[in-house]
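Okay, so here's the structure we're looking at.
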Amino acid sequence: MPEGDTLFRIAAGLRPFLVGRTVVTASARQPGPRAELIVGATVESVESRGKNLLIRFDRGLTLRTHLGMRGSWHRYAPGERWLRSPARARLVIEVPGAVAVCFDAPTVELFESRAEPLHPMLRELGPDLLSPGYDEAQLADAVARLRHLDPEPSTVAEALLDQRALAGVGNVYKSEVLFVERVDPFRRPTDLDDSILRRLVETARRLLLANRDSGPRTTTGIARPTADGIGRTGSGGGQLWVYGRAGKPCRRCGSPILARRHGRNNRTTYWCPDCQASVEEALD
């Protein structure tokens with residue numbers, strides 16, 4: 001599933017070609033939004049919010065997409081051949097000089113912009129770690145949300161994935177952040193000190209910021225774990241510390257990386273049994 005850095009890039013890539021331009025044609029696969037409502041409207045903004053992409057129009061309408069596991073946005077020149085089958089297009093927006101196509105997204109909806117603060121999904125989102133307005137108050141809010149989620153997640157790994165706590169962290173960053181901070185993924189968030197939760201939020205933001213603009217996603221060169229738990233810039237010998245590396249040696253201690261599905265959503269967590277000690281006890 002695309003994470004916050006990916007959505008930030010998508011918004012940045014679409015923005016120069018959509019903002020300020022009038023929609024010439026638009027179509028949506030049904031069931032879906034009434035795309036004809038945005039024909040003739042001018043795009044006012046394109047932004048990401050966590051894992052959501054929001055396109056706002058001057059008619060007081062907002063388009064929201066969530067890409068789920070398989071969705072993506074593409075941009076083409078008018079008449080250019082698409083890289084995916086038109087049958088997979090959920091939404092097509094054409095403006096002068098560009099065509100934006102959303103493929104395979106499970107969520108494509110259009111609603112009145114004034115209702116955005118009341119939107120059942122958007123209003124529940126925690127602080128967006130890539131928001132330009134992110135500050136100390138939002139950091140404190142994220143820490144408090146991690147501790148007070150309802151229903152309470154059984155592990156901190158699950159808590160980090162809960163978009164009501166902090167928006168933008170997905171399965172990759174969840175495992176990477178916990179490894180960088182040497183935190184047992186299977187501890188309950190309520191059993192962790194605020195200082196630990198704060199470090200997790202700060203590291204998640206640091207890694208997302210480092211990967212939001214360009215290049216292949218990396219964590220080893222951004223926040224290299226050290227004996228005292230402090231991240232510093234350096235090469236870890238690969239792009240990621242633990243994610244997707246089950247059975248391979250830990251880049252820090254050499255122990256085989258473990259992986260296990262767990263939680264309500266049955267997502268996979270990757271971790272080092274030595275660098276993130278005592279996790280097996282929590283799984284018995």
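We name chains A, B, ... following the order of the structure tokens; residues begin at 1 in each chain, and ligands are numbered from 1 as shown.
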
What are the closest atom pairs, with distances in Å to one decimal, for all residues of range 153-232 of chain A lying within 9 Å of range 255-275 of chain A? Consider only C-alpha atoms, order rows by chain and residue number, and present the result as a tab-separated table.
residue	atom	partner	partner_atom	distance
A:Pro153	CA	A:Gly263	CA	8.1
A:Ser154	CA	A:Gly263	CA	7.5
A:Thr155	CA	A:Gly263	CA	7.9
A:Ala157	CA	A:Thr269	CA	7.4
A:Glu158	CA	A:Gly263	CA	6.6
A:Asn171	CA	A:Arg267	CA	7.4
A:Val172	CA	A:Thr269	CA	8.7
A:Lys174	CA	A:Thr269	CA	7.8
A:Ser175	CA	A:Tyr270	CA	5.6
A:Glu176	CA	A:Tyr270	CA	8.2
A:Leu178	CA	A:Trp271	CA	8.0
A:Phe179	CA	A:Trp271	CA	6.5
A:Arg182	CA	A:Cys275	CA	5.9
A:Val183	CA	A:Cys275	CA	8.3
A:Asp184	CA	A:Trp271	CA	8.2
A:Pro185	CA	A:Trp271	CA	7.5

May I have the residues from that selection written out with N, CA and C atoms, as a PDB file, in the first residue's frame?
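Below is the file that was written, again-v4.pdb:
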ATOM      1  N   PRO A 153      -4.913  -1.086  20.451  1.00  0.00           N
ATOM      2  CA  PRO A 153      -4.204  -2.138  19.714  1.00  0.00           C
ATOM      3  C   PRO A 153      -3.354  -2.959  20.663  1.00  0.00           C
ATOM      4  N   SER A 154      -3.167  -4.223  20.325  1.00  0.00           N
ATOM      5  CA  SER A 154      -2.419  -5.108  21.216  1.00  0.00           C
ATOM      6  C   SER A 154      -0.917  -4.926  21.105  1.00  0.00           C
ATOM      7  N   THR A 155      -0.434  -4.278  20.029  1.00  0.00           N
ATOM      8  CA  THR A 155       1.001  -4.073  19.851  1.00  0.00           C
ATOM      9  C   THR A 155       1.277  -2.669  19.344  1.00  0.00           C
ATOM     10  N   ALA A 157       3.323  -2.062  17.022  1.00  0.00           N
ATOM     11  CA  ALA A 157       3.390  -2.169  15.566  1.00  0.00           C
ATOM     12  C   ALA A 157       2.033  -1.856  14.943  1.00  0.00           C
ATOM     13  N   GLU A 158       0.963  -2.385  15.531  1.00  0.00           N
ATOM     14  CA  GLU A 158      -0.376  -2.085  15.034  1.00  0.00           C
ATOM     15  C   GLU A 158      -0.723  -0.614  15.241  1.00  0.00           C
ATOM     16  N   ASN A 171       3.201  -0.110   6.253  1.00  0.00           N
ATOM     17  CA  ASN A 171       3.867  -1.311   6.752  1.00  0.00           C
ATOM     18  C   ASN A 171       5.386  -1.245   6.640  1.00  0.00           C
ATOM     19  N   VAL A 172       5.895  -0.569   5.609  1.00  0.00           N
ATOM     20  CA  VAL A 172       7.352  -0.465   5.464  1.00  0.00           C
ATOM     21  C   VAL A 172       7.935   0.365   6.610  1.00  0.00           C
ATOM     22  N   LYS A 174       6.612   1.261   9.398  1.00  0.00           N
ATOM     23  CA  LYS A 174       6.347   0.684  10.712  1.00  0.00           C
ATOM     24  C   LYS A 174       7.517  -0.175  11.164  1.00  0.00           C
ATOM     25  N   SER A 175       7.910  -1.145  10.338  1.00  0.00           N
ATOM     26  CA  SER A 175       8.998  -2.055  10.718  1.00  0.00           C
ATOM     27  C   SER A 175      10.334  -1.315  10.806  1.00  0.00           C
ATOM     28  N   GLU A 176      10.574  -0.403   9.870  1.00  0.00           N
ATOM     29  CA  GLU A 176      11.852   0.309   9.849  1.00  0.00           C
ATOM     30  C   GLU A 176      12.014   1.214  11.067  1.00  0.00           C
ATOM     31  N   LEU A 178      10.562   0.963  14.052  1.00  0.00           N
ATOM     32  CA  LEU A 178      10.737   0.162  15.267  1.00  0.00           C
ATOM     33  C   LEU A 178      12.153  -0.401  15.353  1.00  0.00           C
ATOM     34  N   PHE A 179      12.723  -0.773  14.215  1.00  0.00           N
ATOM     35  CA  PHE A 179      14.105  -1.272  14.232  1.00  0.00           C
ATOM     36  C   PHE A 179      15.088  -0.157  14.554  1.00  0.00           C
ATOM     37  N   ARG A 182      15.058   0.498  18.095  1.00  0.00           N
ATOM     38  CA  ARG A 182      15.320  -0.685  18.918  1.00  0.00           C
ATOM     39  C   ARG A 182      14.140  -1.014  19.836  1.00  0.00           C
ATOM     40  N   VAL A 183      12.932  -0.884  19.303  1.00  0.00           N
ATOM     41  CA  VAL A 183      11.726  -1.128  20.090  1.00  0.00           C
ATOM     42  C   VAL A 183      11.107  -2.466  19.699  1.00  0.00           C
ATOM     43  N   ASP A 184      10.756  -3.247  20.696  1.00  0.00           N
ATOM     44  CA  ASP A 184      10.060  -4.506  20.510  1.00  0.00           C
ATOM     45  C   ASP A 184       8.721  -4.233  19.821  1.00  0.00           C
ATOM     46  N   PRO A 185       8.491  -4.760  18.616  1.00  0.00           N
ATOM     47  CA  PRO A 185       7.245  -4.459  17.899  1.00  0.00           C
ATOM     48  C   PRO A 185       5.998  -4.960  18.605  1.00  0.00           C
TER      49      PRO A 185
END

Alpha helix (DSSP H) call set, DSSP backbone run, range 63-194 of chain A, as an MDAnalysis selection string | chainID A and resid 136:147 156:161 171:180 194

Which residue gives the smallest distance to Ala87 in chain A among A:Gln163, A:Gln239, A:Gln30, A:Gln276, with only C-alpha atoms counted?
->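 Ranking A:Gln163, A:Gln239, A:Gln30, A:Gln276 by distance to Ala87 in chain A, first place goes to A:Gln30.
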
Find the distance between CA of Leu200 in chain A and CA of Leu166 in chain A and write it in Å to one decimal.
->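 Between CA of Leu200 in chain A and CA of Leu166 in chain A the gap is 10.9 Å.
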
Spatial neighbours of Pro106 in chain A, max dist 7 Å, only C-alpha atoms, sep filter under 5 positions, as a PyMOL selection string = chain A and resi 66-68

Could you turn the residues from that selection into a file that holds N, CA and C atoms, as a PDB file, in the first residue's frame?
ATOM      1  N   HIS A  66      -8.131   7.058  -2.372  1.00  0.00           N
ATOM      2  CA  HIS A  66      -7.247   6.257  -1.517  1.00  0.00           C
ATOM      3  C   HIS A  66      -6.844   5.065  -2.359  1.00  0.00           C
ATOM      4  N   LEU A  67      -5.545   4.837  -2.488  1.00  0.00           N
ATOM      5  CA  LEU A  67      -5.047   3.872  -3.468  1.00  0.00           C
ATOM      6  C   LEU A  67      -5.070   2.433  -2.995  1.00  0.00           C
ATOM      7  N   GLY A  68      -5.298   2.193  -1.696  1.00  0.00           N
ATOM      8  CA  GLY A  68      -5.318   0.826  -1.216  1.00  0.00           C
ATOM      9  C   GLY A  68      -4.017   0.110  -1.531  1.00  0.00           C
TER      10      GLY A  68
END
